[in-house]
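Visitor: Have a look at the structure that comes next, please.
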Amino acid sequence: MIVRRYQQPILNYIGRMVRERELALDFSQEVFLKVYASLRSYRPQFKFSTWLFKIASNFIIDHWRKKKILTLSIDQQPEGDDDCLPVQVPDDKPTVVRQYELQELQAKIDAAIDKLPASLRELFVWRHINGLSYEEMAEIKGLPLGTIKNRIFQAKEMLKTLLEEQPWPA
């Protein structure tokens, strides 16, 4: 029941953070195994999704520590790579032309999100893709609410700048 309810949000989050679909699938399974093994430590006074995303966040942090990923300054423009999750096309079957346009737009947005520093990308994905509240994110990260709001704002501004810099078809 837990996997069915949270599989897609966790996969989306992890996929955005590691930028490799197969790795995201593997990591999602490992997170759910950790959740299952840790169910006794869950305290019902807290929201379950917050606890679950905290475990996923810690798992990603551990992965980065092992991988020794270079950190970037917020002011430094990160180099983007084209290694991203496949574009999700809606089920309502738009025309082929519309599908192509949507894929191009999604690819540009994904590329821009991938260029965000990991700390901002994580919060942006949680807020705008997984729908977590600012309060939930503050609890997961152990940061003040104002800091979370500020970083989400920074992520939006960076994304806006990145998207404005991209050439758009006429």
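Every chain in the structure tokens takes a letter, A first, then B, and so on in the order presented; its residues are numbered from 1, and the ligands are numbered from 1 following the presented order.
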Quick one: everything within 9 Å of stretch 35-44 of chain A, counting only C-alpha atoms, minus sequence neighbours fewer than 5 positions away in the same chain. Send it as a PyMOL selection string.
Guide: chain A and resi 30+51-52+55-56
Visitor: Find the residues around stretch 154-163 of chain A up to 7 Å (only C-alpha atoms counted), leave out those fewer than 4 positions away in its own chain, and share them as JSON, numbers by chain.
Guide: {"A": [112, 113, 116, 120, 121, 124, 150]}
Visitor: Would you mind exporting the chosen residues as an mmCIF file, in the first residue's frame, restricted to N, CA and C atoms?
Guide:
data_model
loop_
_atom_site.group_PDB
_atom_site.id
_atom_site.type_symbol
_atom_site.label_atom_id
_atom_site.label_comp_id
_atom_site.auth_asym_id
_atom_site.auth_seq_id
_atom_site.Cartn_x
_atom_site.Cartn_y
_atom_site.Cartn_z
ATOM 1 N N ALA A 112 16.750 22.924 -17.976
ATOM 2 C CA ALA A 112 16.913 24.062 -17.079
ATOM 3 C C ALA A 112 16.892 23.606 -15.622
ATOM 4 N N ILE A 113 15.992 22.692 -15.271
ATOM 5 C CA ILE A 113 15.934 22.184 -13.897
ATOM 6 C C ILE A 113 17.235 21.461 -13.557
ATOM 7 N N LEU A 116 20.059 23.605 -12.266
ATOM 8 C CA LEU A 116 19.976 24.201 -10.931
ATOM 9 C C LEU A 116 20.951 23.477 -10.006
ATOM 10 N N LEU A 120 19.044 23.552 -4.565
ATOM 11 C CA LEU A 120 17.856 24.273 -5.031
ATOM 12 C C LEU A 120 16.952 23.355 -5.842
ATOM 13 N N ARG A 121 17.557 22.485 -6.656
ATOM 14 C CA ARG A 121 16.781 21.555 -7.485
ATOM 15 C C ARG A 121 15.925 20.643 -6.602
ATOM 16 N N PHE A 124 12.987 22.618 -5.260
ATOM 17 C CA PHE A 124 12.068 22.946 -6.354
ATOM 18 C C PHE A 124 11.239 21.721 -6.749
ATOM 19 N N ASN A 150 12.976 31.150 0.751
ATOM 20 C CA ASN A 150 13.985 31.913 0.026
ATOM 21 C C ASN A 150 14.652 31.060 -1.045
#
Visitor: Atom CA of A:Leu23 to atom CA of A:Glu122: how many Å, to one decimal?
Guide: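 Computing the Euclidean distance for atom CA of A:Leu23 and atom CA of A:Glu122 yields 16.6 Å.
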Visitor: For A:Lys149, work out the shell of residues within 10 Å, counting only C-alpha atoms and skipping chain neighbours fewer than 6 positions away, then give it as a VMD selection string.
Guide: chain A and resid 123 134 to 135 137 to 138 155
Visitor: Can you tell me which residues surround A:Glu139 at a distance of at most 10 Å, considering only C-alpha atoms, apart from same-chain residues fewer than 5 positions away, and format the answer as JSON, numbers by chain?
Guide: {"A": [46, 50, 51, 54, 133, 134, 144, 145, 148]}
Visitor: Would you please give, as a PyMOL selection string, all residues of stretch 8-165 of chain A that DSSP assigns to helix (DSSP H, G or I) based on the backbone?
Guide: chain A and resi 8-18+21-37+39-41+48-67+96-114+118-128+134-141+145-165
Visitor: Taking only C-alpha atoms into account, name the residue in A:Val125, A:Ala107, A:Ala118, A:Val31 that is nearest to A:Gln166.
Guide: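 The closest residue to A:Gln166 is A:Ala107.
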Visitor: Closest to A:Val3 among A:Ala24, A:Met17, A:Arg151, A:Phe32, using only C-alpha atoms?
Guide: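 Smallest distance to A:Val3 is found for A:Phe32.
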